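Engineer: First the structure, then my questions, so here it is.
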Amino acid sequence: MSASPLAQFLITRLIPLHIGRYDISFTNASLLMTIIVALITLLLVATTRRAALVPGRLQSVAELSYEFVAGMVRDTIGSEGEQYFPLVFSIFMFVLFANLLGLVPYSYTVTSQVVVTFALAIFVVGLATLVGLLRHRFHFFSFFFPPGAPILLAPILIPVEIISYLSRPVSLSLRLFANMMAGHTMMAVFAGFVVALGFFGFLPIVANAAMYALELVIAVLQAYVFAILTCLYLYDAIHLH
Amino acid sequence: MRSSSRSWSCSSLNDPGEARDPHALNAAMPQLDVSTYLPQLFWLAVTFFALYLLMKFVALPQVGAAIAARRGRIEEDLAAAASLKSEAQTALAAYEKSLAAARSEAQALIREGAERLAAEAAERHRELAQRLAEEAAAGEREIAAAKERALAEIGSLAPDLARTVVEKLTGSLLSAPGAAAE
């Protein structure tokens, strides 16, 4: 392990792969993404293959996650949201497992890479925009001018609305990325103090234990925030205000 | 962060050995190493698409079916319980009805029996009273006859009795009133 607290975010090419001159190497991040997909699928499919009437622990987890996201989609988007349920569920579970698996020692946090969170955010906002355009055609652009506002304010309101709309993927991705990176960096920094402080090295260990608990909460919370914002953006696209 | 214009196909990173070796800038903030973006994005797209397909066509229908099966079973059980309850209530009502009928029948029987017994008792009482009255009347008649007989007998007994009384008082034998008068 490198001494730098940022070394944990390094991408390592495990299996170098190229298509033409494009680098698509199988990296440690790719490995974690594969594990994430495998674990989610295993959790959901293996526990409900022979579903018991009274569910066991893992089957309960699978069913709770299903009903949690289903309830979130139903409450936020409404009945039109049903077709987006598999997507929101995939996003929630992917981010949740990425965040949680990142907390396993010596593993890797996929969501601590800004390019990953930004890609997810662009995908979400782009999809919401597409849904809005397909549903409302040109009427979609009325989204940038709140109904009932005085027409004189249009030169101010419309740029503000457009900027806030364009900043959605930025805020959505940076929130997740910054939370993950900050937490993991802080834990690495504290861990670096352990040896340096000698006898008092137990203090950063205690701090890290507490921080680890906090990071667990943040991991779940950020996955929830990401999923519910996805729902909200889809709601905006479907209902326009 | 080395080359910005051709970032996703950064030629310097075609050699994986070199890439594994963190450069000074990369080590400062690995998230800004543009050369890692393409492999990350590629595998993110692949894995996320796979996850989406797995969820949409395999996992979510299965979990949903498990939940729906339980919900259906619970509703079935609740319906069965409700029908059993209404059956039990019907049975209870029938039982109470028959119980009330039996009770009223029993009371009717008791009343009838009591009336019959009372009538019988009254009849017997009346018969007894009549017979007693007859017997008393017969007795009174007998007594009256005996009295009359006795009174008639007293008339013939009186002279004998008078003589006996005088004899006892005087100590002499009186002759018969016929003889004395002689």
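Ligands are numbered from 1 in the order shown, residues from 1 within each chain, and chains are lettered A, B, ... in the order they appear in the structure tokens.
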Identify every residue of chain B that has at least one atom within 6 Å of any atom of chain A, counting only C-alpha atoms, and report the result as a VMD selection string.

Structural biologist: chain B and resid 9 20 30 to 31 39 43 51 to 52 56 59 63 66 70

Engineer: Would you mind exporting the chosen residues as a CSV table (one decimal), in the first residue's frame, restricted to N, CA and C atoms?

Structural biologist:
chain,number,residue,atom,x,y,z
B,9,SER,N,-7.9,8.2,-25.9
B,9,SER,CA,-7.1,7.3,-26.6
B,9,SER,C,-5.6,7.6,-26.3
B,20,ARG,N,0.6,1.4,-14.9
B,20,ARG,CA,0.4,1.0,-13.5
B,20,ARG,C,1.4,1.8,-12.6
B,30,PRO,N,-5.8,10.7,-8.5
B,30,PRO,CA,-6.0,9.6,-9.6
B,30,PRO,C,-7.3,9.9,-10.3
B,31,GLN,N,-8.3,10.6,-9.7
B,31,GLN,CA,-9.5,10.8,-10.4
B,31,GLN,C,-9.4,11.7,-11.6
B,39,PRO,N,-11.4,3.1,-20.1
B,39,PRO,CA,-11.7,1.8,-19.5
B,39,PRO,C,-12.8,1.8,-18.5
B,43,TRP,N,-16.4,-0.2,-19.0
B,43,TRP,CA,-16.8,-1.2,-18.2
B,43,TRP,C,-18.1,-0.8,-17.3
B,51,LEU,N,-26.5,-5.3,-15.7
B,51,LEU,CA,-27.3,-5.2,-14.5
B,51,LEU,C,-28.7,-4.9,-14.8
B,52,TYR,N,-28.9,-3.9,-15.7
B,52,TYR,CA,-30.3,-3.4,-16.0
B,52,TYR,C,-31.0,-4.6,-16.7
B,56,LYS,N,-34.3,-6.2,-15.0
B,56,LYS,CA,-35.6,-6.1,-15.7
B,56,LYS,C,-36.2,-7.4,-16.1
B,59,ALA,N,-34.4,-10.7,-12.3
B,59,ALA,CA,-34.5,-10.6,-10.9
B,59,ALA,C,-35.8,-10.0,-10.4
B,63,VAL,N,-38.6,-11.5,-7.9
B,63,VAL,CA,-38.9,-11.0,-6.6
B,63,VAL,C,-40.3,-10.5,-6.5
B,66,ALA,N,-42.5,-13.4,-6.0
B,66,ALA,CA,-42.5,-13.9,-4.7
B,66,ALA,C,-43.4,-13.1,-3.8
B,70,ARG,N,-47.0,-14.1,-1.9
B,70,ARG,CA,-47.2,-14.0,-0.5
B,70,ARG,C,-48.5,-13.2,-0.3

Engineer: What's the 9 Å shell around Thr230 (chain A), counting only C-alpha atoms, without same-chain residues fewer than 2 positions away, as a PyMOL selection string?

Structural biologist: chain A and resi 88+91+121+124-125+128+225-228+232-235

Engineer: To one decimal in Å, tell me the separation between CA of Thr111 (chain A) and CA of Pro169 (chain A).

Structural biologist: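 Distance between the two atoms: 14.7 Å.
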
Engineer: Quick check, in Å to one decimal: how far apart do CA of Ala191 (chain A) and CA of Val206 (chain A) lie?

Structural biologist: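 Value for the CA of Ala191 (chain A)-CA of Val206 (chain A) distance: 10.2 Å.
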
Engineer: So how far away is CA of Ala81 (chain B) from CA of Ala100 (chain B), in Å?

Structural biologist: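 Those two atoms sit 28.0 Å apart.
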